[in-house]
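**Student:** Right, I'll just put the structure down here and ask away after.
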Amino acid sequence: MTLARKYAFVAPMDVFRRGQTLQTKLQDQRDRTQVPAQQQRLLELSGQTMALLATSAFNLGAFDSARRLARAADLYGETARVDVLRAYCDGILAYVAYFTGMPRDAVTKARRAQTYGGLGDVARRRLLAVEARAHGFLGDVESAQHALRLSEEIENGARDGLHDDVGGEFGFAPERLAMSNSSTTLLVHDSAQAEQSARRALDLIEQRPSDARSAHVLGSAAADVAMARLLDNDVDGAAEALGSLWGIPADQRATGVLVRTGQIQRFLTRPSFRGAALPGELRDRVENFTRTATTRQLAGSALLQLEA
């Protein structure tokens, strides 16, 4: 629970190392007992830990590792008969599919996850947000807007033991929903709604203590505001929006942030910006931000060694 709840404030590689240590301890405990109830609980905890390992691998850009770990976590969930964990793992696999250019597969996995029983409102919001983003990538505006609207309207009072009681990285805070939906509206070319959603995410996160603010949400929302303004040809506004991005530590620049900054960098290479001072400065600064991210540098051999 501590690892899950502190996830957003710790470097992904540190989470991976701590998670691997915890997984070893859990395996040792499983070897020490034959009591069915204890075995059941340890299987569930092992699955949760494996899911956090998958998420940290994803945030390090190690997509193949994330996919393998999510599938392993799903097997723990199946063995332990914990459907909410299986739904969470399908959500990870949907994220991986989306970020590796397979949005149709992402939709399939997000929808399959929603068929599991026992899901609370938070779980359903997360999965609908993933589905909406994938529809947006496919250019299916109607389906994207429908899923987005549902993600914001769900309020049945339903809870579950993973997304609500454990929470943390297994949860889906309001600012994270707003940030995700800002990216969806960018995909369907609604810059006004995108900026509104991203600004809401930033407003919500600013209400939290400084040591309880997710760098991932902060950076992603700031990048979405900047991208929305660039789409409206407001380069000065984009530069202002990116101000909060530069302070994100190199080891906390997760996949979602880097993908968004990469989109901004590519946008600023358009012929209409050539020769202009501010777009050039922003492009160079964004490039340096991405290049110096230690998450990307560590995603290869270091993570493979930890998996071994």
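Letters A, B, ... go to the chains of the structure tokens in the order shown; residues in each chain start at 1; ligands are counted from 1 in the same order.
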Which of stretch 112-197 of chain A end up as alpha helix (DSSP H) when DSSP is run on this backbone - answer as number ranges by chain?

**Tutor:** A: 112-113, 121-138, 141-153, 174-187, 191-197

**Student:** Generate the output file for the selected residues, C-alpha atoms, as a PDB file, in the first residue's frame.

**Tutor:**
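Once everything was written out, this is again37.pdb:
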```pdb
ATOM      1  CA  ARG A 112     -12.807  -6.157 -21.951  1.00  0.00           C
ATOM      2  CA  ALA A 113     -11.597  -4.760 -18.624  1.00  0.00           C
ATOM      3  CA  ASP A 121     -16.527   4.139 -10.044  1.00  0.00           C
ATOM      4  CA  VAL A 122     -12.808   4.960  -9.986  1.00  0.00           C
ATOM      5  CA  ALA A 123     -11.925   1.825 -11.940  1.00  0.00           C
ATOM      6  CA  ARG A 124     -14.572   2.546 -14.552  1.00  0.00           C
ATOM      7  CA  ARG A 125     -13.458   6.174 -14.933  1.00  0.00           C
ATOM      8  CA  ARG A 126      -9.899   5.026 -15.590  1.00  0.00           C
ATOM      9  CA  LEU A 127     -10.905   2.472 -18.194  1.00  0.00           C
ATOM     10  CA  LEU A 128     -13.303   4.818 -19.973  1.00  0.00           C
ATOM     11  CA  ALA A 129     -10.584   7.483 -20.113  1.00  0.00           C
ATOM     12  CA  VAL A 130      -8.241   4.966 -21.757  1.00  0.00           C
ATOM     13  CA  GLU A 131     -10.948   3.926 -24.208  1.00  0.00           C
ATOM     14  CA  ALA A 132     -11.727   7.559 -25.065  1.00  0.00           C
ATOM     15  CA  ARG A 133      -8.073   8.294 -25.824  1.00  0.00           C
ATOM     16  CA  ALA A 134      -7.821   5.270 -28.124  1.00  0.00           C
ATOM     17  CA  HIS A 135     -10.979   6.294 -30.004  1.00  0.00           C
ATOM     18  CA  GLY A 136      -9.496   9.751 -30.399  1.00  0.00           C
ATOM     19  CA  PHE A 137      -6.316   8.275 -31.872  1.00  0.00           C
ATOM     20  CA  LEU A 138      -8.464   6.367 -34.372  1.00  0.00           C
ATOM     21  CA  VAL A 141     -14.787  11.529 -32.655  1.00  0.00           C
ATOM     22  CA  GLU A 142     -18.256  10.355 -31.675  1.00  0.00           C
ATOM     23  CA  SER A 143     -17.022   7.309 -29.729  1.00  0.00           C
ATOM     24  CA  ALA A 144     -14.229   9.328 -28.099  1.00  0.00           C
ATOM     25  CA  GLN A 145     -16.633  12.005 -26.895  1.00  0.00           C
ATOM     26  CA  HIS A 146     -19.112   9.385 -25.679  1.00  0.00           C
ATOM     27  CA  ALA A 147     -16.506   7.529 -23.615  1.00  0.00           C
ATOM     28  CA  LEU A 148     -15.086  10.822 -22.334  1.00  0.00           C
ATOM     29  CA  ARG A 149     -18.522  11.993 -21.244  1.00  0.00           C
ATOM     30  CA  LEU A 150     -19.211   8.708 -19.454  1.00  0.00           C
ATOM     31  CA  SER A 151     -15.871   8.910 -17.637  1.00  0.00           C
ATOM     32  CA  GLU A 152     -16.877  12.287 -16.218  1.00  0.00           C
ATOM     33  CA  GLU A 153     -20.461  11.359 -15.367  1.00  0.00           C
ATOM     34  CA  PRO A 174      -9.829  13.856 -10.539  1.00  0.00           C
ATOM     35  CA  GLU A 175      -6.773  15.730 -11.818  1.00  0.00           C
ATOM     36  CA  ARG A 176      -5.584  12.602 -13.612  1.00  0.00           C
ATOM     37  CA  LEU A 177      -8.966  12.170 -15.274  1.00  0.00           C
ATOM     38  CA  ALA A 178      -8.935  15.820 -16.377  1.00  0.00           C
ATOM     39  CA  MET A 179      -5.393  15.444 -17.715  1.00  0.00           C
ATOM     40  CA  SER A 180      -6.254  12.291 -19.651  1.00  0.00           C
ATOM     41  CA  ASN A 181      -9.364  13.852 -21.133  1.00  0.00           C
ATOM     42  CA  SER A 182      -7.424  16.934 -22.222  1.00  0.00           C
ATOM     43  CA  SER A 183      -5.253  14.647 -24.345  1.00  0.00           C
ATOM     44  CA  THR A 184      -8.346  13.023 -25.837  1.00  0.00           C
ATOM     45  CA  THR A 185      -9.831  16.355 -26.845  1.00  0.00           C
ATOM     46  CA  LEU A 186      -6.528  17.320 -28.453  1.00  0.00           C
ATOM     47  CA  LEU A 187      -6.751  14.184 -30.558  1.00  0.00           C
ATOM     48  CA  SER A 191      -8.237  22.904 -28.558  1.00  0.00           C
ATOM     49  CA  ALA A 192     -10.602  24.976 -26.404  1.00  0.00           C
ATOM     50  CA  GLN A 193     -11.916  21.939 -24.509  1.00  0.00           C
ATOM     51  CA  ALA A 194      -8.396  20.519 -24.269  1.00  0.00           C
ATOM     52  CA  GLU A 195      -7.063  23.641 -22.600  1.00  0.00           C
ATOM     53  CA  GLN A 196     -10.056  23.785 -20.267  1.00  0.00           C
ATOM     54  CA  SER A 197      -9.544  20.165 -19.143  1.00  0.00           C
TER      55      SER A 197
END
```

**Student:** Check the smallest atom-to-atom distance from each of A:Leu119, A:Ala228, A:Ala221, A:Leu52 to A:Gly243 using only C-alpha atoms, then report the winner.

**Tutor:**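 Using only C-alpha atoms, A:Gly243 sits closest to A:Ala221.
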
**Student:** May I ask for the distance between atom CA of A:Ala97 and atom CA of A:Thr2, given in Å to one decimal place?

**Tutor:**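 Between atom CA of A:Ala97 and atom CA of A:Thr2 the gap is 28.2 Å.
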
**Student:** Considering only C-alpha atoms, return as a list in words whatever protein or nucleic-acid residues lie within 9 Å of A:Arg229, sequence-local ones (same chain, fewer than 4 positions apart) excluded.

**Tutor:**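 So the residues in contact are Ser191, Ala192, Glu195, Asp224, Val225, Asn233, Asp234, Val235, Asp236, Gly237, Ala238 and Ala241 of chain A.
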
**Student:** Go ahead and dump the residues you just picked, N, CA, C and O atoms, as a compact mmCIF listing (two decimals), in the first residue's frame.

**Tutor:**
```
# COMPACT_ATOMS: atom_id res chain seq x y z
N SER A 191 -9.27 22.27 -29.37
CA SER A 191 -8.24 22.90 -28.56
C SER A 191 -8.82 23.65 -27.36
O SER A 191 -8.20 23.68 -26.29
N ALA A 192 -10.00 24.23 -27.52
CA ALA A 192 -10.60 24.98 -26.40
C ALA A 192 -10.94 24.04 -25.25
O ALA A 192 -10.63 24.33 -24.08
N GLU A 195 -7.67 22.72 -23.56
CA GLU A 195 -7.06 23.64 -22.60
C GLU A 195 -7.89 23.73 -21.32
O GLU A 195 -7.33 23.78 -20.22
N ASP A 224 -0.18 19.69 -22.39
CA ASP A 224 -1.44 19.75 -23.13
C ASP A 224 -1.93 21.19 -23.29
O ASP A 224 -2.48 21.55 -24.33
N VAL A 225 -1.77 22.00 -22.24
CA VAL A 225 -2.13 23.42 -22.37
C VAL A 225 -1.30 24.07 -23.48
O VAL A 225 -1.82 24.79 -24.35
N ASN A 233 -2.16 28.87 -32.64
CA ASN A 233 -1.08 29.78 -33.06
C ASN A 233 -0.67 30.77 -31.97
O ASN A 233 -0.21 31.88 -32.27
N ASP A 234 -0.83 30.38 -30.72
CA ASP A 234 -0.45 31.23 -29.60
C ASP A 234 0.87 30.72 -29.03
O ASP A 234 0.90 29.99 -28.04
N VAL A 235 1.98 31.10 -29.65
CA VAL A 235 3.30 30.61 -29.23
C VAL A 235 3.69 31.20 -27.88
O VAL A 235 4.25 30.50 -27.02
N ASP A 236 3.38 32.46 -27.65
CA ASP A 236 3.69 33.07 -26.36
C ASP A 236 2.94 32.36 -25.23
O ASP A 236 3.50 32.10 -24.16
N GLY A 237 1.69 32.04 -25.48
CA GLY A 237 0.90 31.32 -24.47
C GLY A 237 1.45 29.93 -24.22
O GLY A 237 1.46 29.44 -23.08
N ALA A 238 1.92 29.27 -25.28
CA ALA A 238 2.51 27.94 -25.12
C ALA A 238 3.78 28.01 -24.28
O ALA A 238 4.02 27.17 -23.41
N ALA A 241 2.82 28.33 -20.70
CA ALA A 241 2.29 27.08 -20.15
C ALA A 241 3.39 26.09 -19.82
O ALA A 241 3.29 25.31 -18.87
```

**Student:** Which residues are near A:Asp83? Cut-off 9 Å, only C-alpha atoms, ignore same chain within fewer than 3 positions. Put them as a list in words.

**Tutor:**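 The neighbour list is Gly77, Glu78, Ala80, Arg86, Ala87, Tyr88, Tyr116, Gly117, Gly118 and Leu119 of chain A.
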
**Student:** Residues within 10 Å of A:Ala4, please, as an mmCIF file with N, CA and C atoms, in the first residue's frame. Count only C-alpha atoms; anything in the same chain fewer than 5 positions from it doesn't count.

**Tutor:**
```
data_model
loop_
_atom_site.group_PDB
_atom_site.id
_atom_site.type_symbol
_atom_site.label_atom_id
_atom_site.label_comp_id
_atom_site.auth_asym_id
_atom_site.auth_seq_id
_atom_site.Cartn_x
_atom_site.Cartn_y
_atom_site.Cartn_z
ATOM 1 N N VAL A 15 10.804 2.913 -7.902
ATOM 2 C CA VAL A 15 9.627 2.068 -7.666
ATOM 3 C C VAL A 15 9.901 0.650 -8.140
ATOM 4 N N GLY A 19 9.791 -2.478 -5.776
ATOM 5 C CA GLY A 19 8.800 -3.492 -6.095
ATOM 6 C C GLY A 19 9.414 -4.866 -6.265
ATOM 7 N N GLN A 48 -0.628 -7.452 -7.129
ATOM 8 C CA GLN A 48 -0.607 -5.990 -7.023
ATOM 9 C C GLN A 48 0.809 -5.451 -7.228
ATOM 10 N N THR A 49 1.774 -6.110 -6.614
ATOM 11 C CA THR A 49 3.160 -5.663 -6.747
ATOM 12 C C THR A 49 3.644 -5.804 -8.179
ATOM 13 N N ALA A 51 1.814 -5.663 -10.785
ATOM 14 C CA ALA A 51 1.149 -4.616 -11.563
ATOM 15 C C ALA A 51 1.877 -3.285 -11.419
ATOM 16 N N LEU A 52 2.379 -2.987 -10.215
ATOM 17 C CA LEU A 52 3.156 -1.760 -10.031
ATOM 18 C C LEU A 52 4.481 -1.825 -10.792
ATOM 19 N N VAL A 166 -6.904 0.472 -1.581
ATOM 20 C CA VAL A 166 -5.445 0.592 -1.718
ATOM 21 C C VAL A 166 -5.139 1.958 -2.334
ATOM 22 N N GLY A 167 -5.761 2.241 -3.461
ATOM 23 C CA GLY A 167 -5.639 3.565 -4.075
ATOM 24 C C GLY A 167 -4.231 3.881 -4.545
ATOM 25 N N GLY A 168 -3.849 5.134 -4.424
ATOM 26 C CA GLY A 168 -2.543 5.548 -4.922
ATOM 27 C C GLY A 168 -2.477 5.372 -6.424
ATOM 28 N N GLU A 169 -1.466 4.671 -6.905
ATOM 29 C CA GLU A 169 -1.322 4.444 -8.335
ATOM 30 C C GLU A 169 -2.476 3.610 -8.886
ATOM 31 N N PHE A 170 -3.124 2.830 -8.024
ATOM 32 C CA PHE A 170 -4.282 2.057 -8.467
ATOM 33 C C PHE A 170 -5.536 2.924 -8.573
ATOM 34 N N GLY A 171 -5.491 4.100 -8.010
ATOM 35 C CA GLY A 171 -6.616 5.011 -8.094
ATOM 36 C C GLY A 171 -6.573 5.821 -9.380
#
```

**Student:** Of the candidates A:Asp232, A:Glu240, A:Asp14, A:Glu155, which shows the shortest atom-to-atom distance to A:Ser56, using only C-alpha atoms?

**Tutor:** A:Asp14
